[in-house]
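Worksheet: one structure, shown below.
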Amino acid sequence: NVFTGRAGVETTQATAAGAARLAQCPAAEVFLASTGVIGEVLPAEKITDALPALHASLSDDGWEAAARGIMTTDTFPKAAVREVALGGTTVRLQGIAKGSGMIAPDMATMLCFVATDAAVPSGTLQTLLSASVDRTFNRTTVDSDTSTSDMVLLFATGQAGNAPVDGPEDEALAPFAEALESLLRDLALLVVRDGEGATKMMEIRVSGAVDDQSAGRVAMAIANSPLVKTAIAGEDANWGRIVMAVGKCGEPANRDTLSVGIGGTWIARDGTVVEGYDETPVVAHMKGQDIEIDVDLGLGNGRNVAWSCDLTHGYIDINGSYRS
């Protein structure tokens, strides 16, 4: 893992070399993914000794075992599949991910591995992947803490034999790009839903900001607020916590144009509580597992979204005894 100095460098070199010998490729072509306790040296032989048997047991249907194998504090394996037409040829995308705590952009203690049988050049794949990650994994948070170990890898085998594509702007790639982003969103939301100790997932939608970037920062401020997260955990329809998070984030906002809604019910409009506001439907919404929060800043056309989860005693229990 990280912060292990020379011992860590030697471990990465040894494990990459061991995998390269089995795959019959240069060690520089081996991608390494890691997660664990920061500063704890991992004996390289724990990996290198296990590699030959693992390589011998590779199979076409080992995805579930791989998804389970990368779990740490995760409570369930995370996987998603898409099939889509690319230039008249059906191609498949399949991905797995792990992550539960220390989750916040960019990108958190999470690992994600996606493979496709499509024939798409690496440069084009990178463009599509970067854009999709920005709109999925990088819009999530569990606890506002980021790790030194995170990775999303996308591999294309080319086995589908589709017609060549010209680049990221090729119209034939549009369905593939949409499928990739949809798959990554599914995996990202599974990570949030499995947040350490989480019982509820939040979708925070911000509109009316001065631009999309500002809207994103407002959404993340709400998503990361301990007071918002604990209110959600307690099923408390305390919308003032949301107003507080908007006000503290340092982004342009105006009290007299601010509107707040929960579960499709607008609570405040243009800086004041809606006349005749009835909390009943909001209280009912708060009892569910999927919480929707809407904020309209009333300043411009910027909009963005963030996904988060509640903060419960379970999070403390897990992280208070993490090393034991």
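By order in the structure tokens, chains are A, B, ...; within a chain, residues start at 1; ligands start at 1, following the order shown.
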
Per residue of range 133-191 of chain A within 12 Å of range 35-50 of chain A, record the nearest atom pair and its distance in Å to one decimal, counting only C-alpha atoms, with rows in chain order and ascending residue number, as CSV.
residue,atom,partner,partner_atom,distance
A:Ser147,CA,A:Thr35,CA,8.8
A:Thr148,CA,A:Ile38,CA,8.5
A:Ser149,CA,A:Thr35,CA,5.9
A:Asp150,CA,A:Thr35,CA,7.9
A:Met151,CA,A:Thr35,CA,10.1

File of the preceding selection, all heavy atoms, as an mmCIF file, in the first residue's frame:
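And here's out-v5.cif as it stands now:
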data_model
loop_
_atom_site.group_PDB
_atom_site.id
_atom_site.type_symbol
_atom_site.label_atom_id
_atom_site.label_comp_id
_atom_site.auth_asym_id
_atom_site.auth_seq_id
_atom_site.Cartn_x
_atom_site.Cartn_y
_atom_site.Cartn_z
ATOM 1 N N SER A 147 -8.552 9.007 -0.633
ATOM 2 C CA SER A 147 -7.459 8.087 -0.380
ATOM 3 C C SER A 147 -6.302 8.346 -1.323
ATOM 4 O O SER A 147 -6.424 9.021 -2.337
ATOM 5 C CB SER A 147 -7.947 6.652 -0.571
ATOM 6 O OG SER A 147 -6.866 5.753 -0.574
ATOM 7 N N THR A 148 -5.180 7.753 -0.977
ATOM 8 C CA THR A 148 -4.017 7.798 -1.855
ATOM 9 C C THR A 148 -4.076 6.690 -2.901
ATOM 10 O O THR A 148 -3.223 6.631 -3.779
ATOM 11 C CB THR A 148 -2.766 7.614 -1.003
ATOM 12 O OG1 THR A 148 -3.018 6.571 -0.049
ATOM 13 C CG2 THR A 148 -2.455 8.879 -0.236
ATOM 14 N N SER A 149 -5.066 5.815 -2.794
ATOM 15 C CA SER A 149 -5.167 4.678 -3.728
ATOM 16 C C SER A 149 -6.541 4.686 -4.387
ATOM 17 O O SER A 149 -7.545 4.402 -3.738
ATOM 18 C CB SER A 149 -4.963 3.347 -2.988
ATOM 19 O OG SER A 149 -3.724 3.311 -2.335
ATOM 20 N N ASP A 150 -6.600 5.015 -5.652
ATOM 21 C CA ASP A 150 -7.856 4.901 -6.379
ATOM 22 C C ASP A 150 -7.564 4.672 -7.855
ATOM 23 O O ASP A 150 -6.513 5.064 -8.352
ATOM 24 C CB ASP A 150 -8.727 6.143 -6.197
ATOM 25 C CG ASP A 150 -8.028 7.418 -6.643
ATOM 26 O OD1 ASP A 150 -7.887 7.627 -7.860
ATOM 27 O OD2 ASP A 150 -7.622 8.193 -5.779
ATOM 28 N N MET A 151 -8.483 4.028 -8.540
ATOM 29 C CA MET A 151 -8.202 3.685 -9.934
ATOM 30 C C MET A 151 -9.474 3.271 -10.653
ATOM 31 O O MET A 151 -10.321 2.578 -10.088
ATOM 32 C CB MET A 151 -7.196 2.521 -9.979
ATOM 33 C CG MET A 151 -6.868 2.024 -11.379
ATOM 34 S SD MET A 151 -5.648 0.682 -11.353
ATOM 35 C CE MET A 151 -4.167 1.604 -10.951
#

Could you tell me, as a PyMOL selection string, which residues of range 148-279 of chain A DSSP assigns to strand (DSSP E or B) when given the backbone?
-> chain A and resi 151-156+201-209+259-262+265-269+272-273

Between CA of Thr90 in chain A and CA of Gln126 in chain A, measure the distance and give it in Å to one decimal.
->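 So the two atoms, CA of Thr90 in chain A and CA of Gln126 in chain A, lie 21.0 Å apart.
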
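With only C-alpha atoms as the atoms that count, the residue of A:Gly261, A:Gly87, A:Gly197, A:Gly8 with the shortest distance to Glu171 in chain A is A:Gly87.
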
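Nearest to Ala80 in chain A of all the residues A:Ile291, A:Ala306, A:Ile96, A:Ala215 is A:Ile96, counting only C-alpha atoms.
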
With a distance cut-off of 8 Å and only C-alpha atoms, select the neighbouring residues of range 242-257 of chain A, excluding the residue or stretch itself and same-chain residues fewer than 5 positions from it, and output the selection as an MDAnalysis selection string.
-> chainID A and resid 209:210 214 217:218 221:222 225 228 269:272 296:299

Writing out the chosen residues with all heavy atoms as a compact mmCIF listing (two decimals), in the first residue's frame:
# COMPACT_ATOMS: atom_id res chain seq x y z
N ALA A 209 -27.42 27.92 -10.59
CA ALA A 209 -26.12 28.46 -10.16
C ALA A 209 -25.53 29.33 -11.27
O ALA A 209 -26.00 29.33 -12.41
CB ALA A 209 -25.16 27.32 -9.83
N VAL A 210 -24.45 30.04 -10.94
CA VAL A 210 -23.84 30.91 -11.93
C VAL A 210 -23.19 30.10 -13.06
O VAL A 210 -23.07 30.59 -14.18
CB VAL A 210 -22.80 31.85 -11.28
CG1 VAL A 210 -23.49 32.85 -10.37
CG2 VAL A 210 -21.74 31.06 -10.51
N SER A 214 -19.85 25.84 -10.23
CA SER A 214 -20.34 26.36 -8.96
C SER A 214 -21.45 25.46 -8.41
O SER A 214 -21.49 25.16 -7.21
CB SER A 214 -20.84 27.79 -9.13
OG SER A 214 -21.31 28.31 -7.90
N ARG A 217 -19.97 22.46 -6.78
CA ARG A 217 -19.38 22.71 -5.46
C ARG A 217 -20.46 22.86 -4.39
O ARG A 217 -20.30 22.43 -3.25
CB ARG A 217 -18.46 23.93 -5.51
CG ARG A 217 -17.16 23.65 -6.26
CD ARG A 217 -16.19 24.81 -6.15
NE ARG A 217 -16.55 25.93 -7.01
CZ ARG A 217 -16.12 26.08 -8.27
NH1 ARG A 217 -15.32 25.19 -8.81
NH2 ARG A 217 -16.49 27.13 -8.97
N VAL A 218 -21.57 23.47 -4.75
CA VAL A 218 -22.69 23.59 -3.81
C VAL A 218 -23.25 22.21 -3.49
O VAL A 218 -23.51 21.87 -2.32
CB VAL A 218 -23.79 24.51 -4.38
CG1 VAL A 218 -25.03 24.47 -3.47
CG2 VAL A 218 -23.29 25.93 -4.53
N ALA A 221 -20.97 20.37 -1.18
CA ALA A 221 -21.02 20.91 0.18
C ALA A 221 -22.19 20.33 0.95
O ALA A 221 -22.07 19.99 2.14
CB ALA A 221 -21.10 22.44 0.14
N ILE A 222 -23.32 20.22 0.28
CA ILE A 222 -24.49 19.60 0.92
C ILE A 222 -24.23 18.12 1.16
O ILE A 222 -24.50 17.59 2.25
CB ILE A 222 -25.74 19.77 0.02
CG1 ILE A 222 -26.06 21.26 -0.17
CG2 ILE A 222 -26.94 19.03 0.61
CD1 ILE A 222 -27.09 21.53 -1.25
N SER A 225 -21.87 17.53 4.19
CA SER A 225 -22.19 18.14 5.47
C SER A 225 -22.57 17.08 6.52
O SER A 225 -23.55 16.35 6.34
CB SER A 225 -23.35 19.12 5.32
OG SER A 225 -23.87 19.47 6.59
N VAL A 228 -26.21 17.63 7.55
CA VAL A 228 -27.19 17.13 6.58
C VAL A 228 -27.25 15.62 6.65
O VAL A 228 -28.32 15.01 6.70
CB VAL A 228 -26.83 17.59 5.16
CG1 VAL A 228 -27.72 16.90 4.12
CG2 VAL A 228 -26.97 19.11 5.02
N ARG A 269 -39.29 28.81 -1.21
CA ARG A 269 -39.21 29.41 -2.55
C ARG A 269 -38.78 30.87 -2.39
O ARG A 269 -39.35 31.61 -1.55
CB ARG A 269 -40.56 29.36 -3.26
CG ARG A 269 -40.93 28.03 -3.86
CD ARG A 269 -40.18 27.78 -5.14
NE ARG A 269 -40.76 26.71 -5.94
CZ ARG A 269 -40.21 26.22 -7.05
NH1 ARG A 269 -39.06 26.74 -7.47
NH2 ARG A 269 -40.78 25.26 -7.72
N ASP A 270 -37.80 31.26 -3.19
CA ASP A 270 -37.36 32.65 -3.22
C ASP A 270 -37.10 33.20 -1.82
O ASP A 270 -37.53 34.30 -1.44
CB ASP A 270 -38.40 33.53 -3.94
CG ASP A 270 -38.59 33.10 -5.38
OD1 ASP A 270 -37.60 32.66 -6.00
OD2 ASP A 270 -39.73 33.16 -5.88
N GLY A 271 -36.39 32.42 -1.02
CA GLY A 271 -35.90 32.90 0.25
C GLY A 271 -36.85 32.82 1.42
O GLY A 271 -36.55 33.33 2.50
N THR A 272 -38.00 32.17 1.24
CA THR A 272 -38.94 32.06 2.36
C THR A 272 -39.72 30.77 2.26
O THR A 272 -39.82 30.16 1.18
CB THR A 272 -39.90 33.26 2.38
OG1 THR A 272 -40.66 33.23 3.59
CG2 THR A 272 -40.85 33.23 1.18
N ASP A 296 -32.45 25.26 -5.84
CA ASP A 296 -32.42 26.21 -6.95
C ASP A 296 -31.88 27.52 -6.41
O ASP A 296 -32.51 28.16 -5.56
CB ASP A 296 -33.81 26.39 -7.54
CG ASP A 296 -33.81 27.24 -8.81
OD1 ASP A 296 -32.80 27.94 -9.06
OD2 ASP A 296 -34.81 27.23 -9.55
N LEU A 297 -30.69 27.91 -6.88
CA LEU A 297 -30.05 29.14 -6.38
C LEU A 297 -30.65 30.39 -7.01
O LEU A 297 -30.47 31.50 -6.48
CB LEU A 297 -28.55 29.09 -6.65
CG LEU A 297 -27.80 27.94 -5.96
CD1 LEU A 297 -26.35 27.91 -6.42
CD2 LEU A 297 -27.87 28.09 -4.46
N GLY A 298 -31.31 30.24 -8.15
CA GLY A 298 -31.98 31.38 -8.77
C GLY A 298 -31.06 32.44 -9.31
O GLY A 298 -31.44 33.61 -9.41
N LEU A 299 -29.84 32.07 -9.69
CA LEU A 299 -28.86 33.06 -10.15
C LEU A 299 -28.48 32.92 -11.62
O LEU A 299 -28.02 33.89 -12.23
CB LEU A 299 -27.58 32.94 -9.30
CG LEU A 299 -27.72 33.16 -7.80
CD1 LEU A 299 -26.37 32.94 -7.12
CD2 LEU A 299 -28.24 34.56 -7.52

Proximity to Tyr315 in chain A - best of A:Met201, A:Val191, A:Val142, A:Leu86, only C-alpha atoms |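 Ranking A:Met201, A:Val191, A:Val142, A:Leu86 by distance to Tyr315 in chain A, first place goes to A:Val142.
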
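Residues in contact range of Val206 in chain A, defined as at most 7 Å between only C-alpha atoms, with sequence neighbours fewer than 5 positions away removed, read Ala215, Ala219, Asp294, Val295, Asp296, Arg303, Asn304 and Val305 of chain A.
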
Output file for the selection above: C-alpha atoms, as a compact mmCIF listing (two decimals), in the first residue's frame:
# COMPACT_ATOMS: atom_id res chain seq x y z
CA ALA A 215 -23.42 24.14 -8.88
CA ALA A 219 -23.98 20.06 -4.34
CA ASP A 294 -33.31 19.91 -4.83
CA VAL A 295 -31.75 23.35 -4.52
CA ASP A 296 -32.42 26.21 -6.95
CA ARG A 303 -26.66 22.84 -12.74
CA ASN A 304 -24.99 19.76 -11.32
CA VAL A 305 -25.57 16.73 -9.13

Closest to Ser132 in chain A among A:Ala85, A:Ala188, A:Ile70, A:Met102, using only C-alpha atoms?
->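 Result for the nearest residue to Ser132 in chain A: A:Ala188.
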
Of A:Ile318, A:Ala27, A:Ile103, A:Ala163, the one nearest to Leu189 in chain A when counting only C-alpha atoms is A:Ile103

Mind checking which residues fall within 8 Å of Ala115 in chain A, counting only C-alpha atoms, ignoring those fewer than 2 positions away in the same chain, and posting them as number ranges by chain?
-> A: 93-95, 113, 117, 154-157

Residue nearest Met110 in chain A - candidates A:Gln24, A:Ser34, A:Thr124, A:Thr75, atoms counted: only C-alpha atoms =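 Selected residue with least distance to Met110 in chain A: A:Ser34.
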
What lies within 9 Å of Leu51 in chain A using only C-alpha atoms, ignoring chain neighbours under 3 positions off, as number ranges by chain?
-> A: 15, 18-19, 22, 47-48, 54-56

The distance between CA of Ala198 in chain A and CA of Ile232 in chain A is 10.3 Å

Can you list, as a PyMOL selection string, every protein, DNA or RNA residue that comes within 10 Å of Lys287 in chain A when you count only C-alpha atoms, leaving out same-chain residues fewer than 6 positions away?
-> chain A and resi 200+232-237

Selected residues, all heavy atoms, written as an mmCIF file, in the first residue's frame, please.
data_model
loop_
_atom_site.group_PDB
_atom_site.id
_atom_site.type_symbol
_atom_site.label_atom_id
_atom_site.label_comp_id
_atom_site.auth_asym_id
_atom_site.auth_seq_id
_atom_site.Cartn_x
_atom_site.Cartn_y
_atom_site.Cartn_z
ATOM 1 N N LYS A 200 -29.150 5.076 3.906
ATOM 2 C CA LYS A 200 -29.883 5.828 2.898
ATOM 3 C C LYS A 200 -28.909 6.447 1.891
ATOM 4 O O LYS A 200 -27.771 6.768 2.248
ATOM 5 C CB LYS A 200 -30.713 6.950 3.541
ATOM 6 C CG LYS A 200 -31.748 6.465 4.561
ATOM 7 C CD LYS A 200 -32.444 7.648 5.230
ATOM 8 C CE LYS A 200 -33.372 7.189 6.345
ATOM 9 N NZ LYS A 200 -34.536 6.444 5.840
ATOM 10 N N ILE A 232 -30.439 13.220 7.707
ATOM 11 C CA ILE A 232 -30.991 12.184 6.836
ATOM 12 C C ILE A 232 -31.035 10.849 7.579
ATOM 13 O O ILE A 232 -32.020 10.102 7.503
ATOM 14 C CB ILE A 232 -30.147 12.053 5.553
ATOM 15 C CG1 ILE A 232 -30.180 13.364 4.755
ATOM 16 C CG2 ILE A 232 -30.643 10.899 4.695
ATOM 17 C CD1 ILE A 232 -31.540 13.809 4.314
ATOM 18 N N ALA A 233 -29.974 10.536 8.326
ATOM 19 C CA ALA A 233 -29.935 9.280 9.081
ATOM 20 C C ALA A 233 -31.062 9.228 10.101
ATOM 21 O O ALA A 233 -31.670 8.177 10.323
ATOM 22 C CB ALA A 233 -28.583 9.133 9.780
ATOM 23 N N GLY A 234 -31.344 10.380 10.730
ATOM 24 C CA GLY A 234 -32.396 10.438 11.735
ATOM 25 C C GLY A 234 -33.776 10.678 11.175
ATOM 26 O O GLY A 234 -34.739 10.835 11.944
ATOM 27 N N GLU A 235 -33.882 10.736 9.840
ATOM 28 C CA GLU A 235 -35.165 10.967 9.157
ATOM 29 C C GLU A 235 -35.819 12.259 9.642
ATOM 30 O O GLU A 235 -37.027 12.352 9.816
ATOM 31 C CB GLU A 235 -36.094 9.766 9.349
ATOM 32 C CG GLU A 235 -35.511 8.478 8.771
ATOM 33 C CD GLU A 235 -36.386 7.247 8.983
ATOM 34 O OE1 GLU A 235 -37.384 7.356 9.734
ATOM 35 O OE2 GLU A 235 -36.067 6.186 8.407
ATOM 36 N N ASP A 236 -34.957 13.262 9.854
ATOM 37 C CA ASP A 236 -35.397 14.573 10.321
ATOM 38 C C ASP A 236 -35.483 15.519 9.132
ATOM 39 O O ASP A 236 -34.469 15.821 8.495
ATOM 40 C CB ASP A 236 -34.401 15.094 11.359
ATOM 41 C CG ASP A 236 -34.775 16.470 11.904
ATOM 42 O OD1 ASP A 236 -35.887 16.935 11.613
ATOM 43 O OD2 ASP A 236 -33.941 17.059 12.607
ATOM 44 N N ALA A 237 -36.659 16.013 8.835
ATOM 45 C CA ALA A 237 -36.865 16.896 7.679
ATOM 46 C C ALA A 237 -36.395 18.316 7.981
ATOM 47 O O ALA A 237 -37.103 19.299 7.754
ATOM 48 C CB ALA A 237 -38.337 16.896 7.282
#
